[in-house]
Amino acid sequence: MLTIKNFVILVLRPYFSMIKYFNMFMVLIGFLLIIYTLAGCADSESKDGDEYFIRIGDSVITVLDFNRAFEIAKASYSHNAIQQPESLREAQMRFVKQMTEEMILLERAKDVGIKITDEEVKKAIEDIKQDYSENEFDQIFLEYAVPYQSWEKGVETRLLMEKVVAKELGDQIVVTPDDVSKYYEAHHKNDNLIPDMKEVSKDLNETIIKILRREKVEEAYKPWIKKLQKEYVIEINKTQWKKIMGS
């Protein structure tokens, strides 16, 4: 049975791998992916006439973009929680924070010349399709009238943001032998591995390095994105923001 949950999972599936960079809220929502997915469903005339809500460089999010995407995003909250005014406002504020971060990443990608190839998009989509039968995958798009091209554009956007973070942070991360040793002592000291088990030790060592790299990237992300926020002009329509917040 196809439900709104199926739709949300498919739309947000490309964002799950970004957990290594963003907090859980960002992973669950994936704002810009929703925007691109819904773009083909919107009334073009009303969207063209809608006021901007957030503008960063050439990137613009309209009030309509925000409202439609937030309705989908609310599926990640319990019904009771989102009915509380304070919880709703907090979710909206987090949502705005997320969308500005994502828009900054896209502007950054343009500034430093980072692009995504057709092959990279194709491979990512093939990976996503592995979690669905061919019929189930197609049915979700038909059920919710989601344009495949818009969803595909959202996948490309996610890949672009991942690539920016990997390039600017991942390439600078260094995991030392001392880091690995300390992690092993803290988490695997009692695993009963013996020196002769070279293959197991090698695999474990590679796993530890991946974990440590991810943790270091996560740690570096916050100060890095804060620095970028100071480099880009973030325009928020205060009049529309007050209307959205109900104040």
# chains A, B, ... in the order shown; residues from 1 in each chain; ligands from 1

$ select_by_dssp --residues "region 37-175 of chain A" --states "strand (DSSP E or B)" --output "list in words"
Tyr52, Phe53, Ile54, Arg55, Ile56, Ser59, Val60, Ile61 and Thr62 of chain A

$ write_last_selection --atoms "N, CA and C atoms" --output "short mmCIF file (atom, residue, chain, number, x, y, z; two decimals), in the first residue's frame"
data_model
loop_
_atom_site.label_atom_id
_atom_site.label_comp_id
_atom_site.auth_asym_id
_atom_site.auth_seq_id
_atom_site.Cartn_x
_atom_site.Cartn_y
_atom_site.Cartn_z
N TYR A 52 9.56 36.34 -2.49
CA TYR A 52 10.73 35.58 -2.03
C TYR A 52 10.67 35.47 -0.51
N PHE A 53 11.19 34.38 0.00
CA PHE A 53 11.27 34.20 1.44
C PHE A 53 12.73 34.28 1.88
N ILE A 54 13.59 33.56 1.15
CA ILE A 54 15.03 33.61 1.44
C ILE A 54 15.77 33.78 0.12
N ARG A 55 16.77 34.65 0.13
CA ARG A 55 17.58 34.87 -1.06
C ARG A 55 19.04 34.91 -0.66
N ILE A 56 19.84 34.08 -1.32
CA ILE A 56 21.28 34.05 -1.10
C ILE A 56 21.93 33.98 -2.47
N SER A 59 20.39 32.14 -5.57
CA SER A 59 19.41 31.16 -5.07
C SER A 59 18.25 31.86 -4.36
N VAL A 60 17.03 31.48 -4.74
CA VAL A 60 15.84 32.09 -4.15
C VAL A 60 14.85 31.01 -3.75
N ILE A 61 14.33 31.12 -2.53
CA ILE A 61 13.26 30.26 -2.05
C ILE A 61 12.05 31.14 -1.79
N THR A 62 10.92 30.80 -2.40
CA THR A 62 9.72 31.61 -2.22
C THR A 62 8.92 31.13 -1.01
#

$ residues_around --residues "region 208-221 of chain A" --least-positions-apart "3" --cutoff "10 Å" --atoms "only C-alpha atoms" --output "PyMOL selection string"
chain A and resi 19-23+165-166+168-177+179-181+183-184+187-188+202-205+224-227

$ closest_residue --among "A:Val63, A:Lys163, A:Ala91, A:Glu136" --to "Gly113 (chain A)" --atoms "only C-alpha atoms"
A:Lys163

$ closest_residue --among "A:Ile72, A:Val155, A:Ile234, A:Ala81" --to "Phe95 (chain A)" --atoms "only C-alpha atoms"
A:Ile72

$ atom_distance --atom1 "CA of Lys230 (chain A)" --atom2 "CA of Glu102 (chain A)"
14.6 Å

$ atom_distance --atom1 "CA of Arg108 (chain A)" --atom2 "CA of Val164 (chain A)"
7.4 Å

$ residues_around --residues "Asp58 (chain A)" --least-positions-apart "6" --cutoff "12 Å" --atoms "only C-alpha atoms" --output "tab-separated table (two decimals) with C-alpha atoms, in the first residue's frame"
chain	number	residue	atom	x	y	z
A	52	TYR	CA	10.73	35.58	-2.03
A	103	MET	CA	21.54	27.35	-0.20
A	104	ILE	CA	24.97	28.50	0.99
A	106	LEU	CA	25.01	25.48	-3.50
A	107	GLU	CA	26.38	29.02	-3.83
A	108	ARG	CA	29.73	27.77	-2.57
A	110	LYS	CA	29.30	27.63	-7.94
A	111	ASP	CA	32.01	29.87	-6.50
A	232	TYR	CA	27.37	35.32	1.99
A	233	VAL	CA	24.55	37.83	2.23
A	234	ILE	CA	21.45	36.06	3.57
A	235	GLU	CA	18.24	37.97	2.85

$ atom_distance --atom1 "CA of Lys115 (chain A)" --atom2 "CA of Leu160 (chain A)"
6.5 Å
